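Engineer: Below is the file model.tsv, with TSV, C-alpha atoms.
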```
chain	number	residue	atom	x	y	z
H	1	MET	CA	-15.84	14.12	-10.27
H	2	ALA	CA	-16.93	10.56	-10.93
H	3	GLU	CA	-17.61	7.66	-8.60
H	4	MET	CA	-14.97	4.99	-9.19
H	5	THR	CA	-13.87	1.76	-7.62
H	6	MET	CA	-10.21	1.48	-6.75
H	7	ILE	CA	-9.52	-0.84	-9.69
H	8	GLU	CA	-11.15	1.66	-12.07
H	9	ALA	CA	-9.06	4.49	-10.65
H	10	ILE	CA	-5.85	2.49	-11.10
H	11	ARG	CA	-6.75	1.49	-14.67
H	12	SER	CA	-7.58	5.10	-15.53
H	13	THR	CA	-4.25	6.31	-14.15
H	14	LEU	CA	-2.25	3.72	-16.06
H	15	GLY	CA	-4.00	4.72	-19.28
H	16	ASP	CA	-3.33	8.40	-18.66
H	17	ALA	CA	0.37	7.70	-17.96
H	18	LEU	CA	0.78	5.64	-21.14
H	19	ALA	CA	-0.89	8.37	-23.19
H	20	ARG	CA	1.08	11.20	-21.61
H	21	ASP	CA	4.61	9.78	-21.81
H	22	GLU	CA	5.84	7.38	-24.49
H	23	ARG	CA	8.57	6.18	-22.12
H	24	VAL	CA	5.99	4.49	-19.87
H	25	ILE	CA	5.66	0.74	-20.40
H	26	VAL	CA	3.46	-1.74	-18.50
H	27	LEU	CA	4.67	-5.33	-18.14
H	28	GLY	CA	3.65	-8.40	-16.21
H	29	GLN	CA	1.93	-11.75	-16.33
H	30	ASP	CA	-1.39	-11.57	-18.23
H	31	VAL	CA	-1.46	-7.75	-18.26
H	32	GLY	CA	-2.00	-7.60	-22.02
H	33	VAL	CA	-4.42	-10.01	-23.67
H	34	ASN	CA	-6.30	-10.80	-20.44
H	35	GLY	CA	-6.09	-7.28	-19.01
H	36	GLY	CA	-4.60	-8.49	-15.73
H	37	VAL	CA	-5.90	-11.09	-13.30
H	38	PHE	CA	-8.02	-8.36	-11.64
H	39	ARG	CA	-8.55	-6.40	-14.90
H	40	ALA	CA	-6.39	-3.46	-13.78
H	41	THR	CA	-4.92	-3.24	-17.29
H	42	GLU	CA	-8.02	-4.20	-19.23
H	43	GLY	CA	-8.12	-2.60	-22.69
H	44	LEU	CA	-4.68	-1.00	-22.43
H	45	GLN	CA	-2.94	-3.34	-24.88
H	46	GLU	CA	-5.64	-2.66	-27.46
H	47	ARG	CA	-5.10	1.09	-27.02
H	48	PHE	CA	-1.30	1.21	-26.86
H	49	GLY	CA	-0.08	-1.98	-28.51
H	50	GLU	CA	1.97	-5.02	-27.51
H	51	ASP	CA	5.19	-2.98	-27.25
H	52	ARG	CA	3.75	-0.74	-24.50
H	53	VAL	CA	1.67	-3.30	-22.57
H	54	VAL	CA	3.74	-6.46	-22.52
H	55	ASP	CA	2.74	-9.96	-21.44
H	56	MET	CA	5.56	-11.63	-19.51
H	57	PRO	CA	6.22	-15.24	-18.41
H	58	LEU	CA	5.29	-16.56	-14.98
H	59	ALA	CA	8.63	-15.48	-13.50
H	60	GLU	CA	8.68	-12.53	-11.11
H	61	ALA	CA	12.47	-12.25	-11.22
H	62	VAL	CA	12.27	-11.89	-15.00
H	63	ILE	CA	9.48	-9.31	-14.79
H	64	VAL	CA	11.33	-7.07	-12.32
H	65	GLY	CA	14.75	-7.77	-13.84
H	66	SER	CA	13.45	-6.70	-17.25
H	67	ALA	CA	12.11	-3.53	-15.66
H	68	VAL	CA	15.59	-2.78	-14.31
H	69	GLY	CA	17.04	-2.96	-17.82
H	70	LEU	CA	14.23	-0.78	-19.20
H	71	ALA	CA	14.80	1.86	-16.51
H	72	CYS	CA	18.56	1.85	-17.23
H	73	SER	CA	17.67	2.49	-20.88
H	74	GLY	CA	15.60	5.59	-20.10
H	75	MET	CA	12.15	4.00	-19.96
H	76	ILE	CA	9.63	4.26	-17.09
H	77	PRO	CA	8.51	0.67	-16.49
H	78	ILE	CA	5.46	-0.27	-14.43
H	79	PRO	CA	5.86	-3.99	-13.70
H	80	GLU	CA	2.94	-5.81	-12.11
H	81	LEU	CA	3.33	-8.67	-9.64
H	82	GLN	CA	0.08	-10.58	-9.48
H	83	PHE	CA	0.38	-10.72	-5.67
H	84	LEU	CA	2.80	-9.14	-3.18
H	85	GLY	CA	3.40	-12.60	-1.74
H	86	PHE	CA	5.06	-13.54	-5.03
H	87	GLY	CA	7.54	-10.69	-4.57
H	88	SER	CA	9.87	-13.05	-2.72
H	89	GLN	CA	10.66	-14.60	-6.09
H	90	ALA	CA	12.02	-11.21	-7.21
H	91	PHE	CA	13.42	-9.99	-3.91
H	92	HIS	CA	17.00	-10.18	-5.16
H	93	GLN	CA	16.13	-7.85	-8.03
H	94	MET	CA	14.10	-5.49	-5.82
H	95	GLU	CA	16.55	-5.25	-2.92
H	96	GLY	CA	19.85	-5.74	-4.72
H	97	GLN	CA	19.17	-3.88	-7.97
H	98	VAL	CA	16.01	-1.73	-8.04
H	99	ALA	CA	16.64	-0.11	-4.67
H	100	ARG	CA	20.43	0.29	-5.06
H	101	TYR	CA	21.27	1.17	-8.64
H	102	SER	CA	20.94	4.93	-8.21
H	103	PHE	CA	23.08	4.85	-5.06
H	104	ARG	CA	25.60	2.44	-6.58
H	105	SER	CA	25.98	4.49	-9.76
H	106	GLN	CA	26.02	7.86	-7.93
H	107	GLY	CA	22.86	8.86	-9.76
H	108	SER	CA	23.98	7.85	-13.22
H	109	TYR	CA	21.30	5.13	-13.37
H	110	PRO	CA	18.17	6.25	-11.54
H	111	MET	CA	15.35	3.74	-11.27
H	112	PRO	CA	12.09	5.51	-12.25
H	113	MET	CA	9.86	2.49	-11.77
H	114	VAL	CA	6.56	1.59	-10.07
H	115	ILE	CA	6.14	-2.02	-9.03
H	116	ARG	CA	2.42	-2.69	-8.56
H	117	ALA	CA	1.38	-5.55	-6.26
H	118	PRO	CA	-2.00	-6.40	-4.69
H	119	PHE	CA	-2.11	-7.94	-1.22
H	120	GLY	CA	-4.40	-8.48	1.76
H	121	GLY	CA	-6.81	-10.95	3.25
H	122	ASN	CA	-10.48	-11.87	3.54
H	123	VAL	CA	-10.73	-12.64	-0.18
H	124	ARG	CA	-10.28	-16.45	0.05
H	125	THR	CA	-7.12	-16.67	-2.05
H	126	PRO	CA	-4.76	-19.69	-2.05
H	127	GLU	CA	-1.52	-19.79	-0.06
H	128	LEU	CA	1.08	-17.00	-0.66
H	129	HIS	CA	-1.47	-14.69	-2.29
H	130	SER	CA	-2.74	-12.54	0.59
H	131	ASP	CA	0.39	-12.13	2.73
H	132	ALA	CA	1.14	-8.58	3.90
H	133	HIS	CA	4.92	-8.44	3.48
H	134	GLU	CA	5.32	-4.67	3.30
H	135	ALA	CA	7.67	-4.50	6.31
H	136	LYS	CA	10.53	-6.28	4.54
H	137	TYR	CA	10.34	-3.79	1.68
H	138	VAL	CA	10.32	-0.87	4.11
H	139	ASN	CA	13.61	-2.34	5.36
H	140	THR	CA	15.06	-1.98	1.83
H	141	PRO	CA	16.71	1.46	1.67
H	142	GLY	CA	16.20	3.19	-1.66
H	143	LEU	CA	12.70	1.83	-2.25
H	144	LYS	CA	9.57	3.90	-1.54
H	145	VAL	CA	6.49	2.03	-0.29
H	146	VAL	CA	2.98	3.38	-0.96
H	147	MET	CA	-0.27	1.95	0.46
H	148	PRO	CA	-3.48	3.68	-0.75
H	149	ALA	CA	-6.76	3.21	1.13
H	150	THR	CA	-9.22	5.00	-1.20
H	151	ALA	CA	-9.87	5.14	-4.93
H	152	ARG	CA	-9.13	8.87	-4.94
H	153	ASP	CA	-5.75	8.30	-3.30
H	154	ALA	CA	-5.01	5.30	-5.50
H	155	LYS	CA	-5.24	7.51	-8.58
H	156	GLY	CA	-3.36	10.48	-7.14
H	157	LEU	CA	-0.63	8.46	-5.43
H	158	LEU	CA	-0.07	6.25	-8.48
H	159	ALA	CA	0.20	9.30	-10.74
H	160	GLU	CA	2.76	10.79	-8.34
H	161	ALA	CA	4.68	7.52	-8.08
H	162	ILE	CA	4.99	7.26	-11.88
H	163	ARG	CA	6.46	10.78	-11.96
H	164	ASP	CA	8.87	10.05	-9.09
H	165	PRO	CA	12.54	9.58	-10.09
H	166	ASP	CA	12.96	6.87	-7.45
H	167	PRO	CA	11.57	3.31	-7.48
H	168	VAL	CA	8.22	2.83	-5.77
H	169	LEU	CA	6.50	-0.33	-4.53
H	170	PHE	CA	2.77	0.41	-4.93
H	171	CYS	CA	0.70	-2.00	-2.80
H	172	GLU	CA	-2.99	-2.30	-3.63
H	173	PRO	CA	-5.56	-3.84	-1.23
H	174	LEU	CA	-7.14	-6.91	-2.83
H	175	ARG	CA	-10.47	-6.65	-1.07
H	176	GLY	CA	-10.61	-2.96	-1.82
H	177	TYR	CA	-10.34	-3.30	-5.60
H	178	ARG	CA	-14.12	-3.34	-6.06
H	179	LEU	CA	-15.45	-2.80	-2.53
H	180	ILE	CA	-13.78	0.60	-2.09
H	181	LYS	CA	-15.60	3.23	-4.14
H	182	ASP	CA	-15.51	7.01	-3.78
H	183	GLU	CA	-15.55	10.27	-5.71
H	184	VAL	CA	-12.47	10.66	-7.92
H	185	PRO	CA	-11.58	13.76	-9.98
H	186	GLU	CA	-11.60	12.96	-13.68
H	187	GLU	CA	-8.79	15.40	-14.46
H	188	ASP	CA	-5.10	14.68	-13.91
H	189	TYR	CA	-3.92	15.26	-10.32
H	190	THR	CA	-1.34	13.89	-7.89
H	191	VAL	CA	-1.21	13.17	-4.17
H	192	PRO	CA	2.25	13.78	-2.64
H	193	LEU	CA	4.11	10.81	-1.22
H	194	GLY	CA	4.81	11.10	2.49
H	195	LYS	CA	1.72	13.13	3.38
H	196	ALA	CA	-0.71	11.35	5.73
H	197	ARG	CA	-4.49	11.89	5.64
H	198	THR	CA	-6.68	12.62	8.65
H	199	VAL	CA	-9.69	10.39	8.10
H	200	ARG	CA	-11.49	11.14	11.36
H	201	GLU	CA	-10.82	13.54	14.20
H	202	GLY	CA	-10.76	12.28	17.79
H	203	THR	CA	-9.86	13.61	21.21
H	204	ASP	CA	-9.44	10.39	23.24
H	205	LEU	CA	-7.32	8.17	20.98
H	206	VAL	CA	-6.07	7.84	17.40
H	207	ILE	CA	-5.85	4.67	15.31
H	208	VAL	CA	-2.90	4.72	12.90
H	209	ALA	CA	-3.43	2.50	9.85
H	210	TYR	CA	-2.91	2.19	6.11
H	211	SER	CA	-4.41	0.45	3.08
H	212	ALA	CA	-7.49	-1.74	3.71
H	213	ALA	CA	-6.89	-1.57	7.47
H	214	VAL	CA	-8.12	2.04	7.35
H	215	VAL	CA	-11.64	0.75	6.66
H	216	VAL	CA	-11.37	-1.53	9.72
H	217	ALA	CA	-10.11	1.43	11.77
H	218	GLU	CA	-13.06	3.59	10.69
H	219	ARG	CA	-15.57	0.93	11.68
H	220	ALA	CA	-13.87	0.43	15.03
H	221	ALA	CA	-13.93	4.21	15.65
H	222	GLU	CA	-17.65	4.27	14.89
H	223	ARG	CA	-18.26	1.43	17.34
H	224	ALA	CA	-16.15	3.21	19.96
H	225	ALA	CA	-18.24	6.36	19.48
H	226	GLN	CA	-21.33	4.36	20.45
H	227	GLU	CA	-19.56	3.62	23.74
H	228	GLY	CA	-18.85	7.30	24.31
H	229	TYR	CA	-15.25	7.43	23.09
H	230	SER	CA	-13.90	9.99	20.61
H	231	VAL	CA	-11.50	8.06	18.37
H	232	GLY	CA	-9.64	9.48	15.39
H	233	VAL	CA	-8.15	7.67	12.39
H	234	LEU	CA	-4.90	8.58	10.61
H	235	ASP	CA	-4.24	7.05	7.18
H	236	LEU	CA	-0.48	7.01	6.57
H	237	ARG	CA	-0.85	6.63	2.76
H	238	SER	CA	2.85	5.80	2.41
H	239	LEU	CA	5.28	4.01	4.71
H	240	VAL	CA	8.37	5.31	2.91
H	241	PRO	CA	8.45	8.27	3.09
H	242	LEU	CA	6.65	8.36	6.45
H	243	ASP	CA	4.81	11.49	7.57
H	244	VAL	CA	6.43	11.68	11.01
H	245	GLU	CA	5.03	15.14	11.69
H	246	ALA	CA	1.43	14.07	11.13
H	247	LEU	CA	1.98	10.95	13.24
H	248	ARG	CA	3.46	12.98	16.09
H	249	ASP	CA	0.73	15.62	15.99
H	250	ALA	CA	-2.10	13.08	15.84
H	251	VAL	CA	-0.83	11.24	18.92
H	252	ALA	CA	0.08	14.41	20.82
H	253	ALA	CA	-3.45	15.74	20.32
H	254	CYS	CA	-5.02	12.90	22.31
H	255	GLY	CA	-2.25	11.10	24.21
H	256	ARG	CA	-3.29	7.58	23.26
H	257	ALA	CA	-2.75	5.49	20.12
H	258	VAL	CA	-3.39	2.10	18.57
H	259	VAL	CA	-1.44	1.05	15.46
H	260	LEU	CA	-3.10	-1.38	13.07
H	261	HIS	CA	-1.85	-3.43	10.10
H	262	GLU	CA	-2.48	-6.77	8.38
H	263	GLY	CA	1.09	-8.05	8.52
H	264	SER	CA	2.21	-10.35	11.33
H	265	LEU	CA	2.96	-8.72	14.68
H	266	SER	CA	6.66	-9.40	15.25
H	267	ALA	CA	8.85	-6.89	13.37
H	268	GLY	CA	5.78	-5.67	11.48
H	269	PHE	CA	5.56	-2.02	10.46
H	270	GLY	CA	3.55	-1.33	13.60
H	271	ALA	CA	6.73	-1.83	15.62
H	272	GLU	CA	8.38	0.99	13.64
H	273	LEU	CA	5.36	3.20	14.28
H	274	VAL	CA	5.48	2.51	18.03
H	275	ALA	CA	9.20	3.35	18.10
H	276	THR	CA	8.61	6.58	16.18
H	277	ILE	CA	5.78	7.63	18.49
H	278	GLN	CA	7.98	6.89	21.51
H	279	GLU	CA	10.72	9.11	20.09
H	280	GLU	CA	8.52	11.92	18.82
H	281	ALA	CA	5.58	12.10	21.24
H	282	PHE	CA	6.70	10.34	24.42
H	283	TRP	CA	5.88	13.19	26.82
H	284	THR	CA	2.30	13.41	25.57
H	285	LEU	CA	1.49	9.73	26.04
H	286	GLN	CA	-1.06	8.85	28.71
H	287	ALA	CA	-1.10	5.09	28.14
H	288	PRO	CA	0.98	2.36	26.45
H	289	ILE	CA	0.62	2.26	22.66
H	290	GLY	CA	-1.56	-0.60	21.44
H	291	ARG	CA	-0.75	-2.86	18.48
H	292	VAL	CA	-3.25	-4.88	16.46
H	293	ALA	CA	-1.85	-7.11	13.72
H	294	ALA	CA	-2.00	-10.61	12.30
H	295	TYR	CA	-0.69	-13.45	14.41
H	296	ASP	CA	2.85	-14.81	14.09
H	297	THR	CA	1.81	-17.81	12.05
H	298	PRO	CA	1.88	-18.63	8.33
H	299	TYR	CA	-1.16	-17.29	6.52
H	300	PRO	CA	-4.01	-19.76	7.14
H	301	PRO	CA	-6.44	-21.32	4.65
H	302	GLY	CA	-9.11	-18.97	3.38
H	303	THR	CA	-11.85	-20.74	5.32
H	304	VAL	CA	-10.46	-19.45	8.64
H	305	GLU	CA	-8.64	-16.28	7.57
H	306	GLU	CA	-11.16	-14.05	9.35
H	307	LEU	CA	-9.59	-15.33	12.59
H	308	TYR	CA	-6.16	-14.18	11.38
H	309	VAL	CA	-6.77	-10.81	9.70
H	310	PRO	CA	-7.27	-8.04	12.32
H	311	SER	CA	-10.98	-7.47	12.95
H	312	VAL	CA	-13.08	-4.59	14.21
H	313	ASP	CA	-13.61	-6.45	17.50
H	314	ARG	CA	-9.86	-6.84	18.07
H	315	VAL	CA	-9.28	-3.15	17.36
H	316	LEU	CA	-12.11	-2.22	19.71
H	317	ASP	CA	-10.55	-4.35	22.47
H	318	ALA	CA	-7.25	-2.48	21.97
H	319	ILE	CA	-9.07	0.87	22.12
H	320	ARG	CA	-10.74	-0.07	25.42
H	321	ALA	CA	-7.43	-1.29	26.87
H	322	ALA	CA	-5.68	1.98	26.01
H	323	LEU	CA	-8.50	4.20	27.25
H	324	GLU	CA	-8.95	2.28	30.51
H	325	ALA	CA	-5.21	2.08	31.26
```
Here is a file; write its structure as structure tokens.
Structural biologist:
Amino acid sequence: MAEMTMIEAIRSTLGDALARDERVIVLGQDVGVNGGVFRATEGLQERFGEDRVVDMPLAEAVIVGSAVGLACSGMIPIPELQFLGFGSQAFHQMEGQVARYSFRSQGSYPMPMVIRAPFGGNVRTPELHSDAHEAKYVNTPGLKVVMPATARDAKGLLAEAIRDPDPVLFCEPLRGYRLIKDEVPEEDYTVPLGKARTVREGTDLVIVAYSAAVVVAERAAERAAQEGYSVGVLDLRSLVPLDVEALRDAVAACGRAVVLHEGSLSAGFGAELVATIQEEAFWTLQAPIGRVAAYDTPYPPGTVEELYVPSVDRVLDAIRAALEA
């Protein structure tokens, strides 16, 4: 075991994948010479060469479109988008090609690909950099969506995603790159997609979250404990596939739930979670399900983003409302 930041765990996993399988190729803007804007690929081009770690132009459609051709040719591409907010520039490729080629070709052209993209607020980025757009990719059948919250999970989930025969969108929390640090096994291991993680047990209420929002949920649960409430936290890890069984069991165990995410409220992934809980655990509910999310506005300037990104205080208010209902 070694203590690693999330960015170190991701870099280590990419290096292991390149060394293990010659079909793996990393491509994206500045991933080679500069080692990525956040240094996730630092040193990899020196180790594996320009043909395996490829600098691409500032054109997301070209980056993902090239990955489609590589996957059709038997390679395992790992394209990097500098920010998830830039994914809109490649949405045609992701929705119309990456997610559909296997279905369209009846399996003749699978898409073994991992699209890496950081996202998330409270890091003072310019416009279109921090947006949490995961919900629109969840609504793209054929594409798996993975959202790690710890360095240990980032390594294991990424290793599993690279081995997966289907395309995976791997979303990495910007503010967690260097702030999230935990014990990570040095040996090769995987974490299965679609298997949620119980972060904290609770008997009064459970907060359902993913990615950097898990840290917010943990802090809110600790604050709630000081008020005498027993609040659990469930980390979904992946949105597609979704661990419906773990979600149902976590809510059924306490009868109350709050769902939390950084994306805007309307049609955010929290709405899907509320619907699933209603279908799977309705008879165990003792109060309406709470939702805490960003507001339905464009992402604000960095100087006021702490008013937009869900905070511990807002989660705590939702906990109180559910427990006092």
Engineer: Counting all atoms listed in the file, which of H:Leu14, H:Val98, H:Val208, H:Leu273 gets nearest to Pro112 (chain H)?
Structural biologist: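 Comparing H:Leu14, H:Val98, H:Val208, H:Leu273 against Pro112 (chain H), the winner is H:Val98.
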Engineer: From the options H:Ser105, H:Ser12, H:Thr190, H:Thr276, which residue's atoms come nearest to Thr41 (chain H), counting only C-alpha atoms?
Structural biologist: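 Distance minimum relative to Thr41 (chain H) lands on H:Ser12.
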Engineer: Let me make sure I understand: among H:Ala61, H:Ala154, H:Val123, H:Ile207, which one has the smallest atom-to-atom distance to Arg219 (chain H) if we use all atoms listed in the file?
Structural biologist: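 When distances to Arg219 (chain H) are compared using all atoms listed in the file, the smallest one comes from H:Ile207.
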Engineer: Mind checking which residues fall within 9 Å of Ala59 (chain H), counting all atoms listed in the file, ignoring those fewer than 5 positions away in the same chain, and posting them as a PyMOL selection string?
Structural biologist: chain H and resi 29+64+89-90
Engineer: Just checking: using all atoms listed in the file, which residue out of H:Gly43, H:Gly107, H:Gly255, H:Pro148 ends up closest to Arg11 (chain H)?
Structural biologist: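 Ranked by minimum distance to Arg11 (chain H), first place goes to H:Gly43.
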Engineer: Can you complete the atoms of region 122-148 of chain H to N, CA and C atoms and list them as a PDB file, in the coordinates of the input?
Structural biologist:
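In the end it all went to result_24.pdb:
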```
ATOM      1  N   ASN H 122      -9.016 -11.794   3.593  1.00  0.00           N
ATOM      2  CA  ASN H 122     -10.480 -11.870   3.540  1.00  0.00           C
ATOM      3  C   ASN H 122     -11.017 -11.878   2.121  1.00  0.00           C
ATOM      4  N   VAL H 123     -10.255 -12.485   1.207  1.00  0.00           N
ATOM      5  CA  VAL H 123     -10.730 -12.640  -0.180  1.00  0.00           C
ATOM      6  C   VAL H 123     -10.610 -14.111  -0.626  1.00  0.00           C
ATOM      7  N   ARG H 124     -10.290 -15.007   0.311  1.00  0.00           N
ATOM      8  CA  ARG H 124     -10.280 -16.450   0.050  1.00  0.00           C
ATOM      9  C   ARG H 124      -9.310 -16.854  -1.067  1.00  0.00           C
ATOM     10  N   THR H 125      -8.119 -16.288  -1.050  1.00  0.00           N
ATOM     11  CA  THR H 125      -7.120 -16.670  -2.050  1.00  0.00           C
ATOM     12  C   THR H 125      -6.328 -17.884  -1.568  1.00  0.00           C
ATOM     13  N   PRO H 126      -5.623 -18.575  -2.470  1.00  0.00           N
ATOM     14  CA  PRO H 126      -4.760 -19.690  -2.050  1.00  0.00           C
ATOM     15  C   PRO H 126      -3.535 -19.170  -1.281  1.00  0.00           C
ATOM     16  N   GLU H 127      -2.713 -20.112  -0.840  1.00  0.00           N
ATOM     17  CA  GLU H 127      -1.520 -19.790  -0.060  1.00  0.00           C
ATOM     18  C   GLU H 127      -0.584 -18.863  -0.841  1.00  0.00           C
ATOM     19  N   LEU H 128       0.074 -17.940  -0.135  1.00  0.00           N
ATOM     20  CA  LEU H 128       1.080 -17.000  -0.660  1.00  0.00           C
ATOM     21  C   LEU H 128       0.477 -15.861  -1.473  1.00  0.00           C
ATOM     22  N   HIS H 129      -0.843 -15.739  -1.512  1.00  0.00           N
ATOM     23  CA  HIS H 129      -1.470 -14.690  -2.290  1.00  0.00           C
ATOM     24  C   HIS H 129      -1.819 -13.456  -1.465  1.00  0.00           C
ATOM     25  N   SER H 130      -2.217 -13.655  -0.209  1.00  0.00           N
ATOM     26  CA  SER H 130      -2.740 -12.540   0.590  1.00  0.00           C
ATOM     27  C   SER H 130      -1.742 -11.961   1.583  1.00  0.00           C
ATOM     28  N   ASP H 131      -0.558 -12.555   1.700  1.00  0.00           N
ATOM     29  CA  ASP H 131       0.390 -12.130   2.730  1.00  0.00           C
ATOM     30  C   ASP H 131       0.726 -10.641   2.636  1.00  0.00           C
ATOM     31  N   ALA H 132       0.763  -9.997   3.797  1.00  0.00           N
ATOM     32  CA  ALA H 132       1.140  -8.580   3.900  1.00  0.00           C
ATOM     33  C   ALA H 132       2.612  -8.506   4.283  1.00  0.00           C
ATOM     34  N   HIS H 133       3.468  -8.403   3.280  1.00  0.00           N
ATOM     35  CA  HIS H 133       4.920  -8.440   3.480  1.00  0.00           C
ATOM     36  C   HIS H 133       5.557  -7.058   3.367  1.00  0.00           C
ATOM     37  N   GLU H 134       4.782  -6.004   3.556  1.00  0.00           N
ATOM     38  CA  GLU H 134       5.320  -4.670   3.300  1.00  0.00           C
ATOM     39  C   GLU H 134       6.514  -4.314   4.174  1.00  0.00           C
ATOM     40  N   ALA H 135       6.598  -4.883   5.387  1.00  0.00           N
ATOM     41  CA  ALA H 135       7.670  -4.500   6.310  1.00  0.00           C
ATOM     42  C   ALA H 135       9.055  -4.815   5.756  1.00  0.00           C
ATOM     43  N   LYS H 136       9.191  -5.939   5.040  1.00  0.00           N
ATOM     44  CA  LYS H 136      10.530  -6.280   4.540  1.00  0.00           C
ATOM     45  C   LYS H 136      10.953  -5.362   3.408  1.00  0.00           C
ATOM     46  N   TYR H 137       9.992  -4.750   2.731  1.00  0.00           N
ATOM     47  CA  TYR H 137      10.340  -3.790   1.680  1.00  0.00           C
ATOM     48  C   TYR H 137      10.628  -2.413   2.277  1.00  0.00           C
ATOM     49  N   VAL H 138       9.976  -2.098   3.386  1.00  0.00           N
ATOM     50  CA  VAL H 138      10.320  -0.870   4.110  1.00  0.00           C
ATOM     51  C   VAL H 138      11.767  -0.936   4.578  1.00  0.00           C
ATOM     52  N   ASN H 139      12.231  -2.133   4.906  1.00  0.00           N
ATOM     53  CA  ASN H 139      13.610  -2.340   5.360  1.00  0.00           C
ATOM     54  C   ASN H 139      14.562  -2.547   4.181  1.00  0.00           C
ATOM     55  N   THR H 140      14.220  -1.941   3.034  1.00  0.00           N
ATOM     56  CA  THR H 140      15.060  -1.980   1.830  1.00  0.00           C
ATOM     57  C   THR H 140      15.367  -0.554   1.428  1.00  0.00           C
ATOM     58  N   PRO H 141      16.425   0.057   1.963  1.00  0.00           N
ATOM     59  CA  PRO H 141      16.710   1.460   1.670  1.00  0.00           C
ATOM     60  C   PRO H 141      16.823   1.731   0.173  1.00  0.00           C
ATOM     61  N   GLY H 142      16.202   2.820  -0.251  1.00  0.00           N
ATOM     62  CA  GLY H 142      16.200   3.190  -1.660  1.00  0.00           C
ATOM     63  C   GLY H 142      14.896   2.904  -2.361  1.00  0.00           C
ATOM     64  N   LEU H 143      13.987   2.194  -1.675  1.00  0.00           N
ATOM     65  CA  LEU H 143      12.700   1.830  -2.250  1.00  0.00           C
ATOM     66  C   LEU H 143      11.583   2.533  -1.473  1.00  0.00           C
ATOM     67  N   LYS H 144      10.735   3.275  -2.172  1.00  0.00           N
ATOM     68  CA  LYS H 144       9.570   3.900  -1.540  1.00  0.00           C
ATOM     69  C   LYS H 144       8.419   2.902  -1.513  1.00  0.00           C
ATOM     70  N   VAL H 145       7.586   2.982  -0.469  1.00  0.00           N
ATOM     71  CA  VAL H 145       6.490   2.030  -0.290  1.00  0.00           C
ATOM     72  C   VAL H 145       5.197   2.808  -0.069  1.00  0.00           C
ATOM     73  N   VAL H 146       4.232   2.613  -0.963  1.00  0.00           N
ATOM     74  CA  VAL H 146       2.980   3.380  -0.960  1.00  0.00           C
ATOM     75  C   VAL H 146       1.807   2.436  -0.768  1.00  0.00           C
ATOM     76  N   MET H 147       0.835   2.838   0.076  1.00  0.00           N
ATOM     77  CA  MET H 147      -0.270   1.950   0.460  1.00  0.00           C
ATOM     78  C   MET H 147      -1.605   2.708   0.443  1.00  0.00           C
ATOM     79  N   PRO H 148      -2.237   2.902  -0.695  1.00  0.00           N
ATOM     80  CA  PRO H 148      -3.480   3.680  -0.750  1.00  0.00           C
ATOM     81  C   PRO H 148      -4.648   2.962  -0.076  1.00  0.00           C
TER      82      PRO H 148
END
```
